[in-house]
Structure formats: structure tokens, C-alpha cells
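Just entry.txt here, compact mmCIF, C-alpha atoms:
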```
# COMPACT_ATOMS: atom_id res chain seq x y z
CA MET A 7 -5.61 5.74 19.45
CA PRO A 8 -2.36 7.36 18.30
CA GLU A 9 -2.95 9.04 14.98
CA LEU A 10 -0.64 11.22 12.91
CA PRO A 11 -0.43 14.11 15.39
CA GLU A 12 0.37 11.81 18.30
CA ALA A 13 2.95 9.92 16.27
CA GLU A 14 4.50 13.21 15.17
CA VAL A 15 4.68 14.37 18.78
CA VAL A 16 6.38 11.10 19.70
CA ALA A 17 8.88 11.41 16.85
CA ARG A 18 9.74 14.99 17.77
CA GLN A 19 10.26 14.14 21.42
CA LEU A 20 12.44 11.18 20.55
CA ARG A 21 14.47 13.38 18.22
CA ALA A 22 14.95 15.94 20.97
CA ARG A 23 15.88 13.45 23.68
CA VAL A 24 17.57 10.38 22.19
CA LEU A 25 18.86 11.23 18.73
CA GLY A 26 22.53 10.31 18.58
CA ALA A 27 22.32 7.93 21.54
CA LEU A 28 24.07 4.59 21.51
CA VAL A 29 21.97 1.46 22.09
CA LYS A 30 23.96 -0.24 24.85
CA ASP A 31 21.63 -3.15 25.23
CA TYR A 32 18.11 -4.31 24.65
CA TRP A 33 15.58 -6.38 26.53
CA ILE A 34 12.70 -8.08 24.81
CA GLY A 35 9.79 -9.50 26.79
CA ARG A 36 7.62 -10.86 24.00
CA PRO A 37 9.54 -11.82 20.89
CA ASP A 38 6.31 -12.13 18.92
CA ILE A 39 5.91 -8.36 19.10
CA VAL A 40 8.71 -8.25 16.49
CA ARG A 41 6.86 -9.13 13.33
CA GLN A 42 9.85 -8.98 11.01
CA GLY A 43 13.61 -9.22 11.47
CA LEU A 44 13.78 -10.79 14.93
CA SER A 45 16.94 -12.66 13.95
CA THR A 46 18.70 -9.32 13.43
CA LEU A 47 17.98 -7.98 16.92
CA ASP A 48 21.56 -8.50 18.10
CA TRP A 49 22.79 -6.14 15.38
CA TYR A 50 21.01 -3.28 17.19
CA ARG A 51 23.16 -3.68 20.28
CA GLY A 52 25.94 -1.12 19.81
CA SER A 53 24.11 0.79 17.10
CA ARG A 54 23.57 4.52 17.18
CA LEU A 55 20.29 6.36 16.64
CA ARG A 56 20.92 8.50 13.58
CA ALA A 57 17.47 9.64 12.50
CA ILE A 58 13.92 9.47 13.82
CA GLU A 59 10.97 10.01 11.52
CA ARG A 60 7.27 9.44 11.37
CA ARG A 61 5.63 7.54 8.55
CA GLY A 62 1.84 7.58 8.79
CA LYS A 63 1.21 6.64 12.39
CA SER A 64 4.46 4.69 12.76
CA ILE A 65 7.80 5.75 14.17
CA VAL A 66 10.92 4.91 12.17
CA LEU A 67 14.28 4.85 13.92
CA ALA A 68 17.35 4.74 11.66
CA LEU A 69 20.37 3.21 13.36
CA SER A 70 23.93 2.74 12.18
CA HIS A 71 26.48 0.19 13.28
CA GLU A 72 29.84 -0.64 11.70
CA GLY A 73 29.03 1.10 8.45
CA GLU A 74 25.63 -0.45 8.07
CA VAL A 75 22.23 1.21 8.50
CA ARG A 76 19.10 -0.58 9.66
CA TYR A 77 15.72 0.54 10.91
CA LEU A 78 13.42 -0.15 13.82
CA VAL A 79 9.81 0.64 12.97
CA ALA A 80 7.35 0.91 15.84
CA GLU A 81 3.68 0.64 15.03
CA LEU A 82 1.75 1.92 18.02
CA GLY A 83 -1.58 0.48 16.97
CA MET A 84 -4.59 1.51 19.07
CA THR A 85 -2.92 1.39 22.46
CA GLY A 86 0.84 1.42 22.05
CA LEU A 87 3.19 3.90 23.67
CA LEU A 88 6.87 4.71 23.40
CA PHE A 89 8.17 6.23 26.58
CA PHE A 90 11.37 7.03 28.42
CA ARG A 91 10.53 5.63 31.84
CA ALA A 92 7.71 3.69 33.49
CA PRO A 93 6.05 5.91 36.10
CA GLU A 94 3.77 3.25 37.51
CA GLU A 95 3.80 -0.47 38.04
CA ARG A 96 1.10 -1.06 35.43
CA TYR A 97 3.39 0.28 32.74
CA GLN A 98 6.01 -2.30 33.62
CA LYS A 99 3.70 -5.19 32.89
CA HIS A 100 3.06 -4.69 29.17
CA THR A 101 6.48 -3.34 28.26
CA HIS A 102 7.69 -5.57 25.48
CA LEU A 103 10.95 -3.96 24.40
CA ILE A 104 13.46 -1.80 26.21
CA LEU A 105 16.43 -0.11 24.56
CA SER A 106 19.10 0.91 27.07
CA LEU A 107 20.74 4.06 25.81
CA GLU A 108 23.92 5.98 26.37
CA GLY A 109 24.77 9.48 25.28
CA GLY A 110 21.25 10.76 24.83
CA LEU A 111 19.17 12.70 27.32
CA GLU A 112 17.23 9.62 28.39
CA PRO A 113 18.63 6.30 29.64
CA GLU A 114 15.93 4.15 28.08
CA LEU A 115 13.32 3.88 25.41
CA ARG A 116 10.44 1.51 26.08
CA TYR A 117 7.74 0.09 23.85
CA TRP A 118 4.54 -0.66 25.75
CA ASN A 119 1.35 -2.14 24.46
CA PRO A 120 -1.32 -3.97 26.46
CA ARG A 121 -2.73 -5.40 23.28
CA ARG A 122 -1.10 -7.38 20.55
CA PHE A 123 -2.01 -5.05 17.72
CA GLY A 124 1.11 -2.93 17.84
CA ARG A 125 4.21 -4.27 16.16
CA ILE A 126 7.93 -3.79 15.84
CA TYR A 127 9.72 -4.34 12.54
CA LEU A 128 13.49 -4.62 12.15
CA LEU A 129 14.33 -3.78 8.55
CA ASP A 130 17.11 -2.94 6.14
CA ASP A 131 16.84 -0.35 3.35
CA SER A 132 14.93 -2.54 0.95
CA GLY A 133 12.74 -3.87 3.75
CA LEU A 134 11.81 -0.35 4.75
CA GLU A 135 11.03 0.60 1.16
CA GLU A 136 8.81 -2.41 0.78
CA PHE A 137 7.17 -1.84 4.18
CA THR A 138 6.30 1.78 3.51
CA GLY A 139 5.34 1.22 -0.10
CA ARG A 140 2.86 -1.42 0.96
CA ARG A 141 1.34 0.45 3.85
CA PHE A 142 1.40 4.17 3.38
CA GLY A 143 -0.35 6.49 1.03
CA CYS A 144 0.43 10.17 0.84
CA ASP A 145 1.24 12.09 3.97
CA PRO A 146 -1.56 14.60 4.64
CA LEU A 147 0.92 17.17 5.96
CA THR A 148 3.09 17.19 2.87
CA VAL A 149 0.81 16.15 0.00
CA THR A 150 0.63 19.00 -2.49
CA TRP A 151 -2.68 20.59 -3.35
CA LYS A 152 -2.47 19.28 -6.91
CA GLU A 153 -1.89 15.70 -5.78
CA PHE A 154 -4.66 15.89 -3.18
CA ARG A 155 -7.13 17.27 -5.70
CA GLU A 156 -6.26 14.53 -8.19
CA LEU A 157 -6.61 11.93 -5.49
CA MET A 158 -10.11 13.15 -4.58
CA GLU A 159 -11.18 13.25 -8.21
CA GLN A 160 -10.24 9.62 -8.65
CA ARG A 161 -11.99 8.21 -5.59
CA ARG A 162 -15.59 7.15 -5.60
CA GLY A 163 -15.72 6.00 -1.99
CA ARG A 164 -17.10 7.77 1.06
CA LEU A 165 -15.10 10.68 2.29
CA LYS A 166 -14.46 9.60 5.87
CA ALA A 167 -13.45 6.11 4.85
CA LEU A 168 -11.09 7.65 2.31
CA LEU A 169 -9.48 9.95 4.85
CA MET A 170 -8.88 6.94 7.08
CA HIS A 171 -7.63 4.62 4.34
CA GLN A 172 -3.96 4.39 5.30
CA GLN A 173 -2.84 3.23 1.89
CA VAL A 174 -4.37 6.32 0.33
CA ILE A 175 -3.81 8.98 3.01
CA ALA A 176 -1.54 7.84 5.82
CA GLY A 177 -2.04 8.89 9.40
CA ILE A 178 -5.60 10.09 9.91
CA GLY A 179 -7.74 8.01 12.21
CA ASN A 180 -11.25 8.27 13.57
CA ILE A 181 -10.73 11.23 15.87
CA TYR A 182 -9.19 13.56 13.32
CA ALA A 183 -11.33 12.38 10.43
CA ASN A 184 -14.39 13.43 12.42
CA GLU A 185 -12.89 16.76 13.45
CA ILE A 186 -11.66 17.55 9.94
CA LEU A 187 -14.97 16.76 8.27
CA PHE A 188 -16.99 18.82 10.73
CA ARG A 189 -14.78 21.85 10.28
CA ALA A 190 -14.88 21.41 6.51
CA GLY A 191 -18.67 21.14 6.59
CA LEU A 192 -18.69 17.75 4.88
CA HIS A 193 -20.81 14.72 5.73
CA PRO A 194 -18.79 11.55 6.35
CA TYR A 195 -20.68 9.73 3.63
CA ARG A 196 -20.14 12.27 0.87
CA ILE A 197 -18.50 10.77 -2.19
CA ALA A 198 -15.00 12.17 -2.73
CA SER A 199 -15.11 12.41 -6.52
CA ARG A 200 -18.37 14.36 -6.43
CA LEU A 201 -17.07 17.21 -4.31
CA ARG A 202 -16.79 20.64 -5.89
CA ALA A 203 -13.27 22.00 -6.23
CA SER A 204 -13.98 24.61 -3.56
CA ALA A 205 -15.03 21.90 -1.12
CA VAL A 206 -11.90 19.88 -1.85
CA ARG A 207 -9.77 22.95 -1.30
CA LYS A 208 -11.47 23.64 2.01
CA LEU A 209 -10.98 20.03 3.03
CA TYR A 210 -7.29 20.26 2.16
CA ASP A 211 -6.80 23.46 4.13
CA VAL A 212 -8.78 22.24 7.14
CA MET A 213 -6.89 18.95 7.15
CA HIS A 214 -3.62 20.88 7.43
CA GLU A 215 -4.94 23.20 10.09
CA VAL A 216 -6.36 20.47 12.29
CA LEU A 217 -3.33 18.21 12.12
CA THR A 218 -0.87 21.06 12.58
CA GLN A 219 -2.75 22.47 15.57
CA ALA A 220 -3.05 19.02 17.11
CA ILE A 221 0.70 18.56 16.85
CA LEU A 222 1.29 21.94 18.46
CA ASP A 223 -1.03 20.91 21.29
CA GLY A 224 0.86 17.68 21.85
CA GLY A 225 -1.82 15.48 20.32
CA SER A 226 -5.05 14.28 21.89
CA SER A 227 -4.85 12.29 25.10
CA VAL A 228 -7.82 10.04 24.60
CA ARG A 229 -7.80 6.56 26.10
CA ASP A 230 -4.33 6.68 27.60
CA PHE A 231 -2.19 8.37 24.99
CA PHE A 232 0.86 10.02 26.51
CA ALA A 233 3.95 11.42 24.89
CA PRO A 234 7.26 9.68 25.69
CA ASP A 235 7.86 12.10 28.55
CA TRP A 236 4.38 11.39 29.93
CA THR A 237 2.90 14.73 29.05
CA GLU A 238 -0.72 14.66 27.98
CA GLY A 239 -1.90 15.90 24.64
CA ARG A 240 -4.11 18.99 24.93
CA TYR A 241 -5.90 18.91 21.60
CA LYS A 242 -8.72 16.95 23.19
CA ARG A 243 -9.90 20.30 24.60
CA ARG A 244 -10.39 21.53 21.04
CA HIS A 245 -12.45 18.53 19.92
CA LEU A 246 -15.71 19.84 18.51
CA VAL A 247 -17.55 16.65 17.59
CA TYR A 248 -15.54 13.56 18.46
CA ASN A 249 -17.37 11.69 21.21
CA LYS A 250 -19.80 14.58 21.61
CA ALA A 251 -23.01 12.92 20.52
CA GLY A 252 -25.94 14.81 22.03
CA PHE A 253 -23.99 18.03 22.55
CA PRO A 254 -25.17 21.21 20.83
CA CYS A 255 -23.47 21.88 17.53
CA PRO A 256 -20.54 24.25 18.19
CA ASN A 257 -21.59 26.28 15.15
CA GLY A 258 -24.71 27.36 17.03
CA CYS A 259 -27.06 26.05 14.37
CA GLY A 260 -29.44 24.66 16.95
CA LYS A 261 -28.89 21.00 16.13
CA THR A 262 -27.15 18.42 18.28
CA ILE A 263 -24.21 16.33 17.28
CA ARG A 264 -25.29 12.93 16.07
CA ARG A 265 -23.50 9.64 16.06
CA LEU A 266 -23.51 7.24 13.15
CA VAL A 267 -22.61 3.81 14.38
CA GLY A 268 -20.58 1.87 11.89
CA GLU A 269 -17.23 0.21 11.86
CA ARG A 270 -15.86 3.39 13.43
CA SER A 271 -18.27 5.89 14.94
CA SER A 272 -18.92 9.09 13.04
CA PHE A 273 -19.87 12.26 14.89
CA PHE A 274 -21.41 15.01 12.82
CA CYS A 275 -23.94 17.82 12.69
CA PRO A 276 -26.87 17.01 10.39
CA ALA A 277 -27.36 20.68 9.55
CA CYS A 278 -23.77 21.76 9.05
CA GLN A 279 -22.66 18.59 7.28
CA ARG A 280 -25.37 17.85 4.81
CA ARG A 281 -25.36 14.64 2.92
CA MET V 6 16.90 -2.54 -4.66
CA ALA V 7 16.54 0.40 -7.02
CA GLY V 8 14.72 3.33 -5.52
CA MET V 9 14.75 6.26 -7.91
CA HIS V 10 12.04 8.84 -7.34
CA TYR V 11 11.14 11.73 -9.61
CA VAL V 12 11.10 15.16 -8.03
CA THR V 13 10.43 16.83 -11.35
CA ALA V 14 10.45 15.40 -14.86
CA ALA V 15 14.16 16.24 -15.10
CA MET V 16 15.42 15.78 -11.54
CA MET V 17 15.43 12.55 -9.59
CA VAL V 18 16.78 11.24 -6.31
CA GLY V 19 18.20 7.77 -6.08
CA ASN V 20 20.15 5.33 -3.96
CA LEU V 21 23.48 3.56 -4.29
CA GLU V 22 22.15 0.93 -6.65
CA ASP V 23 20.61 3.61 -8.87
CA ALA V 24 23.97 5.38 -9.01
CA ARG V 25 25.75 2.16 -9.99
CA ASN V 26 23.13 1.29 -12.61
CA PRO V 27 21.40 4.49 -13.65
CA PRO V 28 18.05 4.08 -15.39
CA ALA V 29 17.93 4.94 -19.07
CA ALA V 30 16.21 8.27 -18.45
CA VAL V 31 19.18 9.62 -16.50
CA GLU V 32 21.74 11.80 -18.28
CA ALA V 33 23.79 13.00 -15.31
CA VAL V 34 24.57 11.59 -11.88
CA LEU V 35 25.56 13.60 -8.82
CA PHE V 36 26.84 11.16 -6.19
CA LEU V 37 26.95 12.26 -2.57
CA ALA V 38 27.74 9.22 -0.39
CA ALA V 39 31.11 9.80 1.27
CA GLU V 40 31.32 6.20 2.47
CA HIS V 41 31.02 4.65 -0.99
CA HIS V 42 33.01 4.84 -4.18
CA ILE V 43 31.49 3.96 -7.51
CA PRO V 44 32.96 3.99 -11.00
CA PRO V 45 31.56 6.90 -13.00
CA PRO V 46 28.68 5.56 -15.09
CA ALA V 47 29.68 5.23 -18.72
CA GLY V 48 28.34 7.83 -21.09
CA LEU V 49 26.86 10.06 -18.41
CA LEU V 50 27.90 13.33 -16.91
CA TYR V 51 29.14 12.50 -13.40
CA GLU V 52 30.23 14.37 -10.31
CA ARG V 53 31.00 13.22 -6.77
CA ILE V 54 30.65 15.61 -3.82
CA PRO V 55 31.05 13.50 -0.67
CA LEU V 56 28.76 14.21 2.26
CA GLY V 57 28.53 12.28 5.53
CA GLU V 58 25.34 10.34 6.21
CA PHE V 59 23.06 11.73 8.93
CA GLU V 60 25.46 14.64 9.47
CA GLU V 61 24.96 18.37 9.25
CA ALA V 62 26.36 19.32 5.85
CA ASP V 63 29.16 21.81 5.43
CA PRO V 64 27.71 24.89 3.69
CA ALA V 65 30.75 25.02 1.41
CA ASP V 66 29.95 21.49 0.17
CA VAL V 67 26.28 22.32 -0.21
CA LYS V 68 27.22 25.37 -2.25
CA LYS V 69 29.27 23.13 -4.54
CA VAL V 70 26.22 20.91 -4.99
CA VAL V 71 23.90 23.83 -5.67
CA ASP V 72 26.33 25.41 -8.10
CA TRP V 73 26.77 22.12 -9.95
CA LEU V 74 23.03 21.54 -10.21
CA GLU V 75 22.46 25.11 -11.30
CA ARG V 76 24.97 24.64 -14.09
CA TYR V 77 23.84 21.25 -15.35
CA ALA V 78 20.22 20.65 -14.31
CA PRO V 79 18.77 22.94 -16.98
CA ALA V 80 20.33 20.85 -19.74
CA TYR V 81 20.47 17.33 -18.30
CA ARG V 82 18.10 14.92 -16.62
CA VAL V 83 19.93 14.70 -13.33
CA MET V 84 19.75 12.02 -10.67
CA VAL V 85 21.11 13.00 -7.25
CA CYS V 86 22.17 9.90 -5.33
CA CYS V 87 23.30 8.88 -1.90
CA ARG V 88 23.28 5.56 -0.08
CA ALA V 89 19.55 5.15 0.54
CA GLY V 90 18.21 8.05 -1.51
CA MET V 91 16.40 9.51 1.50
CA GLY V 92 18.76 11.86 3.33
CA ARG V 93 21.62 13.56 1.54
CA SER V 94 20.17 13.36 -1.97
CA VAL V 95 16.85 14.73 -0.82
CA SER V 96 18.53 17.44 1.23
CA MET V 97 20.65 18.64 -1.65
CA VAL V 98 17.68 18.87 -3.97
CA ILE V 99 15.93 20.89 -1.27
CA ALA V 100 18.97 23.14 -1.08
CA TYR V 101 18.99 23.57 -4.86
CA LEU V 102 15.30 24.41 -4.98
CA CYS V 103 15.72 26.98 -2.22
CA CYS V 104 18.98 28.59 -3.33
CA ALA V 105 18.68 28.46 -7.11
CA LYS V 106 14.94 28.34 -7.68
CA GLY V 107 13.74 30.62 -4.94
CA MET V 108 11.46 28.06 -3.35
CA GLY V 109 10.67 28.45 0.33
CA TYR V 110 12.22 25.89 2.66
CA VAL V 111 8.94 24.43 3.93
CA GLU V 112 7.55 24.23 0.42
CA ALA V 113 10.69 22.46 -0.82
CA VAL V 114 10.67 19.97 2.06
CA ASP V 115 6.98 19.24 1.53
CA LEU V 116 7.60 18.69 -2.16
CA LEU V 117 10.43 16.26 -1.52
CA LYS V 118 8.47 14.43 1.15
CA SER V 119 5.55 14.03 -1.20
CA ARG V 120 7.76 12.86 -4.06
CA ARG V 121 10.05 10.68 -1.98
CA PRO V 122 8.25 8.93 0.91
CA GLY V 123 10.61 8.65 3.83
CA ALA V 124 12.61 11.72 2.85
CA THR V 125 14.72 12.63 5.88
CA PRO V 126 16.39 16.04 5.63
CA LEU V 127 19.84 16.31 7.17
CA PRO V 128 20.19 17.95 10.61
CA ASN V 129 19.87 21.76 10.64
CA LEU V 130 19.33 21.83 6.89
CA GLU V 131 17.39 25.07 6.91
CA LYS V 132 20.22 26.91 8.69
CA THR V 133 22.74 25.34 6.36
CA ILE V 134 20.75 26.58 3.37
CA GLU V 135 20.69 30.10 4.81
CA ARG V 136 24.45 30.02 5.10
CA VAL V 137 24.73 28.78 1.54
CA ARG V 138 22.56 31.68 0.38
CA VAL V 139 24.94 34.09 2.12
CA LEU V 140 27.94 32.40 0.51
CA ARG V 141 26.32 32.63 -2.91
CA GLN V 142 25.44 36.28 -2.42
CA GLY V 143 29.04 36.96 -1.46
CA HIS V 144 30.27 35.26 -4.61
CA GLU V 145 27.81 37.17 -6.75
CA ALA V 146 28.88 40.45 -5.19
CA ARG V 147 32.48 39.65 -6.05
CA GLY V 148 31.41 38.80 -9.61
CA GLU V 149 32.46 35.17 -9.29
CA ALA V 150 30.69 32.59 -11.43
CA GLY V 151 28.97 29.67 -9.72
CA GLY V 152 30.60 26.28 -9.57
```
Is it possible to express this structure as C-alpha cells?
Amino acid sequence: MPELPEAEVVARQLRARVLGALVKDYWIGRPDIVRQGLSTLDWYRGSRLRAIERRGKSIVLALSHEGEVRYLVAELGMTGLLFFRAPEERYQKHTHLILSLEGGLEPELRYWNPRRFGRIYLLDDSGLEEFTGRRFGCDPLTVTWKEFRELMEQRRGRLKALLMHQQVIAGIGNIYANEILFRAGLHPYRIASRLRASAVRKLYDVMHEVLTQAILDGGSSVRDFFAPDWTEGRYKRRHLVYNKAGFPCPNGCGKTIRRLVGERSSFFCPACQRR
Amino acid sequence: MAGMHYVTAAMMVGNLEDARNPPAAVEAVLFLAAEHHIPPPAGLLYERIPLGEFEEADPADVKKVVDWLERYAPAYRVMVCCRAGMGRSVSMVIAYLCCAKGMGYVEAVDLLKSRRPGATPLPNLEKTIERVRVLRQGHEARGEAGG
């Protein structure tokens, strides 16, 4: 389930613990986890971690070696983790890539994923530009109010689907889309372009608040998300509607949270989020 | 691969290829990549202030950048370039916006990240900018012109 907050937590921890480290060696268990650039994997041996960033829900490592810069992009998918050590046997089994490090605060960085949906990409500058241009819309943490408003005005689709459309707004998944829409008082099926300016502004502000608070709380540990140092995300305790079908509405309106079953479940209050 | 991105209508960030072959809209190039040398583009205002990639920038160098941009950006469409157009170029535009235009650091970073996907500010940039502000105030107090 890693969404933007979880990916941001991962990026920050990696920056704090392994930025500047030398990649002494690598081990790859399943070469097919590398979707692009497998032939360049040897270049990464002896490279140094120079920058670590988040793009959408992906982690981008910039490495330099002999005057050249390349990137390792880790898509976590629904179940992927990046961590520094494997605390239990079950986390050895689905570890697909290990970077052995020197000079950082951690000896290793591991990519683990029990499913095949996560991916690793090994890219150069132009490859990274093409990769991000294809995949990522605006970042909800940095998009300006003007750009966000224009984006909403142009979109005739349903609001929740729009928030989760990675090529429009990158990084929000089902958990945070539900939480954001509840707090903004907006039904998941509202049409973006028909929102009043005041509603769009509230959505923009709430989006920032929710994502920022979730990052501060270390993300949401739902279905086995852990940060690289194995700490759990605490934002799950602040969830108001996600997975809370049948619970009383936290606004005290007297209604219960309902679940709309679709491609991804929507949790909402029928009174507080009118269609 | 060219990768110029507009920050404003008159200020852009670009990569090494953009610096070698500036688009027609560009009137001035500020080139920051210490590890590369390019011939000054013909017919354009050009300056090189070398900065190391992925490194914390020296406030004295950043002040040179800010002073140069303050002098020329009002009159020229300026493209600030480094190797990939994501780190040094972005960081120096952030520094200019903060030091010369009074923008807050977070606001400037957000603006650059929205205009240039993948923007990666240099290490400790905010502290560096604070030191540049102090240097600039010291110069102003002594009555020294920028640049």
C-alpha cells in the first residue's frame, strides 16, 4: 500500500542513513524485477549514493561513478519495502535486490516484494526524464494553488479517481484519497470541474494537511508497511474513514460510514459528503 | 536530451545539452557545472560559475550567482544550466528567488519542484541561502554594489 507519505518517509530515512555511501557490491535474486537497464547493473558496483528523492510513490536514488551519474528507481507497488536489514526469515525469502554499502550508517539496502508488481529501473538522465514524464503528474505537496485550481477546472472525471490518477496527481492512493475527501466534505463521485472555488480550495488545503501529517507520523502501517528501519507508521491511528465501514461518522452527524465497492473501495459519510 | 523547464516566463533551468544548444527564447546562459566546459553560446550573454554536483554550495559562489541574476535577469531571458538541470540550476534559482525576490524558502522550493519535476535542491541549501543573505547584507552595509 505505500502511497506518497510512506514513500516520503522511506526517502527521508534513506537520506539520513545511506546518503553518501559507496555501493560495494550488489546481489540480485530475480533479474526480472529490473524492468529496465539490467545490462547496466555492473556500473552500480563502486558507485556512490549522491541524492535520494521521491517521485510520486517511487524512490529515486542518484548514484555517481567515474564522472557519470545514473539512477536506480524503486517502485514499491502494493507490497514492496526498502529496508536496511531483514529481521525475520520471511523477509529473506522475497528479497530481490541487495546493495552492500560502505560509508553510510547502514551496511545494506534491500528491496523486498512478495509480489511481482514492484519494479526496479536502472536509468540514465534521459531515461529518468522519460520515465517520470510518462508516469507522474503534479506532486500534491508542491503543486501551487493556481495550478491545482486549473487542473480541477479542466477535469470532468470523478474526484476520487482524479486524486488517484498518477499521471495527473502523483502519489495519492486509496487510503489517502478516502481520508482527504472525507475531511474536505466531498463525495468520491463528485465531478472535479463542477466544484465551487471554495470547495477546491478546501480540497487543496486538506490534501496538504493530510499528506503532511501522515509524513510526520511515519506513514500508515496498513498491510505490512514498515519504514526502512522497521518502524511502523502511526497515521493509521488518525484514519477517520478508511476501512471503517459501519463505524459512526467521526463528525457526530449520526450516520455510519458507508463503503462503495468499486475498483478500489470508497469509504464515506453519506451526510457529510453529499453527492 | 534537451530538458529546459520554465520557472517564470523569463527564467528557465536547463541541462548540459540546453547550455550547448540554447533554445531560441534564451538570451542569457548561466552555466554552473564545474565538471564540464562549454564554449560560450554565440550571440548570448554568458557566465560560468562552477559548482560541484551534489555538493553543498559555497555561500560566496551562491552570492556570485544571485548577484549575477539580480543584475541581468530583469533585462534578459535567462537560462540557468547545470549537468542534468535538476540540482545546481534549480538550487541557484531558489537562492535567487529567496535572496533577491524575498520569497520564502519553502515557497521557492515548492515552486521549483512544481515547475521542474525531479528538482533536487543541493544539501543544506536553506542554511547556505541564509549565509548568502548575511553576506549580501554586509555588502549593502558597506555600500558595495552587487556582482
Chain A contacts on chain V, all atoms listed in the file, 10 Å, as a VMD selection string: chain V and resid 6 to 8 20 40 58 to 60 88 to 90 92 111 to 120 122 to 128
Take the residues from that selection and put them in a file with C-alpha atoms, as a CSV table (one decimal), keeping the file's coordinate frame.
```csv
chain,number,residue,atom,x,y,z
V,6,MET,CA,16.9,-2.5,-4.7
V,7,ALA,CA,16.5,0.4,-7.0
V,8,GLY,CA,14.7,3.3,-5.5
V,20,ASN,CA,20.2,5.3,-4.0
V,40,GLU,CA,31.3,6.2,2.5
V,58,GLU,CA,25.3,10.3,6.2
V,59,PHE,CA,23.1,11.7,8.9
V,60,GLU,CA,25.5,14.6,9.5
V,88,ARG,CA,23.3,5.6,-0.1
V,89,ALA,CA,19.6,5.2,0.5
V,90,GLY,CA,18.2,8.0,-1.5
V,92,GLY,CA,18.8,11.9,3.3
V,111,VAL,CA,8.9,24.4,3.9
V,112,GLU,CA,7.6,24.2,0.4
V,113,ALA,CA,10.7,22.5,-0.8
V,114,VAL,CA,10.7,20.0,2.1
V,115,ASP,CA,7.0,19.2,1.5
V,116,LEU,CA,7.6,18.7,-2.2
V,117,LEU,CA,10.4,16.3,-1.5
V,118,LYS,CA,8.5,14.4,1.2
V,119,SER,CA,5.6,14.0,-1.2
V,120,ARG,CA,7.8,12.9,-4.1
V,122,PRO,CA,8.2,8.9,0.9
V,123,GLY,CA,10.6,8.6,3.8
V,124,ALA,CA,12.6,11.7,2.8
V,125,THR,CA,14.7,12.6,5.9
V,126,PRO,CA,16.4,16.0,5.6
V,127,LEU,CA,19.8,16.3,7.2
V,128,PRO,CA,20.2,18.0,10.6
```
Who sits within 7 Å of Leu105 (chain A), all atoms listed in the file, same chain under 5 positions skipped, as a ChimeraX atom specification: /A:29,31-33,114-116
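With distances restricted to all atoms listed in the file, V:Glu131 is the closest residue to Ala62 (chain V) from V:Glu75, V:Glu32, V:Asp23, V:Glu131.
Compared by their closest atoms to Ala100 (chain V), and using all atoms listed in the file, the residues V:Leu50, V:Ala30, V:Ile134, V:Leu56 rank with V:Ile134 nearest.
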Residues within 10 Å of (21.1, -6.4, 15.0), counting all atoms listed in the file, listed as a ChimeraX atom specification: /A:43-53,69-71,76-78,128-129
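Straight-line separation from CA of Asp211 (chain A) to CA of Glu156 (chain A): 15.2 Å.
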Polymer residues at most 9 Å from (6.3, -6.5, 22.5) by only C-alpha atoms, as an MDAnalysis selection string: chainID A and resid 34:40 100:103 117:120 122 124:126
Reconstruct region 266-280 of chain A at the level of N, CA and C atoms, and format the result as a PDB file, keeping the file's coordinate frame.
```pdb
ATOM      1  N   LEU A 266     -23.191   8.319  14.099  1.00  0.00           N
ATOM      2  CA  LEU A 266     -23.510   7.240  13.150  1.00  0.00           C
ATOM      3  C   LEU A 266     -22.680   6.042  13.580  1.00  0.00           C
ATOM      4  N   VAL A 267     -23.354   4.974  13.918  1.00  0.00           N
ATOM      5  CA  VAL A 267     -22.610   3.810  14.380  1.00  0.00           C
ATOM      6  C   VAL A 267     -22.274   2.927  13.193  1.00  0.00           C
ATOM      7  N   GLY A 268     -21.019   2.749  12.969  1.00  0.00           N
ATOM      8  CA  GLY A 268     -20.580   1.870  11.890  1.00  0.00           C
ATOM      9  C   GLY A 268     -19.347   1.144  12.380  1.00  0.00           C
ATOM     10  N   GLU A 269     -18.469   0.858  11.460  1.00  0.00           N
ATOM     11  CA  GLU A 269     -17.230   0.210  11.860  1.00  0.00           C
ATOM     12  C   GLU A 269     -16.454   1.107  12.824  1.00  0.00           C
ATOM     13  N   ARG A 270     -16.400   2.398  12.516  1.00  0.00           N
ATOM     14  CA  ARG A 270     -15.860   3.390  13.430  1.00  0.00           C
ATOM     15  C   ARG A 270     -16.918   4.474  13.544  1.00  0.00           C
ATOM     16  N   SER A 271     -17.171   4.940  14.751  1.00  0.00           N
ATOM     17  CA  SER A 271     -18.270   5.890  14.940  1.00  0.00           C
ATOM     18  C   SER A 271     -17.982   7.218  14.254  1.00  0.00           C
ATOM     19  N   SER A 272     -19.019   7.766  13.645  1.00  0.00           N
ATOM     20  CA  SER A 272     -18.920   9.090  13.040  1.00  0.00           C
ATOM     21  C   SER A 272     -19.754  10.051  13.854  1.00  0.00           C
ATOM     22  N   PHE A 273     -19.191  11.211  14.132  1.00  0.00           N
ATOM     23  CA  PHE A 273     -19.870  12.260  14.890  1.00  0.00           C
ATOM     24  C   PHE A 273     -20.006  13.461  13.969  1.00  0.00           C
ATOM     25  N   PHE A 274     -21.234  13.941  13.795  1.00  0.00           N
ATOM     26  CA  PHE A 274     -21.410  15.010  12.820  1.00  0.00           C
ATOM     27  C   PHE A 274     -22.655  15.823  13.166  1.00  0.00           C
ATOM     28  N   CYS A 275     -22.750  16.985  12.552  1.00  0.00           N
ATOM     29  CA  CYS A 275     -23.940  17.820  12.690  1.00  0.00           C
ATOM     30  C   CYS A 275     -24.792  17.646  11.434  1.00  0.00           C
ATOM     31  N   PRO A 276     -26.046  17.256  11.578  1.00  0.00           N
ATOM     32  CA  PRO A 276     -26.870  17.010  10.390  1.00  0.00           C
ATOM     33  C   PRO A 276     -27.202  18.273   9.615  1.00  0.00           C
ATOM     34  N   ALA A 277     -27.075  19.421  10.260  1.00  0.00           N
ATOM     35  CA  ALA A 277     -27.360  20.680   9.550  1.00  0.00           C
ATOM     36  C   ALA A 277     -26.105  21.224   8.887  1.00  0.00           C
ATOM     37  N   CYS A 278     -25.006  21.169   9.567  1.00  0.00           N
ATOM     38  CA  CYS A 278     -23.770  21.760   9.050  1.00  0.00           C
ATOM     39  C   CYS A 278     -23.012  20.834   8.101  1.00  0.00           C
ATOM     40  N   GLN A 279     -23.340  19.557   8.155  1.00  0.00           N
ATOM     41  CA  GLN A 279     -22.660  18.590   7.280  1.00  0.00           C
ATOM     42  C   GLN A 279     -23.728  17.819   6.527  1.00  0.00           C
ATOM     43  N   ARG A 280     -24.257  18.460   5.535  1.00  0.00           N
ATOM     44  CA  ARG A 280     -25.370  17.850   4.810  1.00  0.00           C
ATOM     45  C   ARG A 280     -24.863  16.740   3.908  1.00  0.00           C
TER      46      ARG A 280
END
```
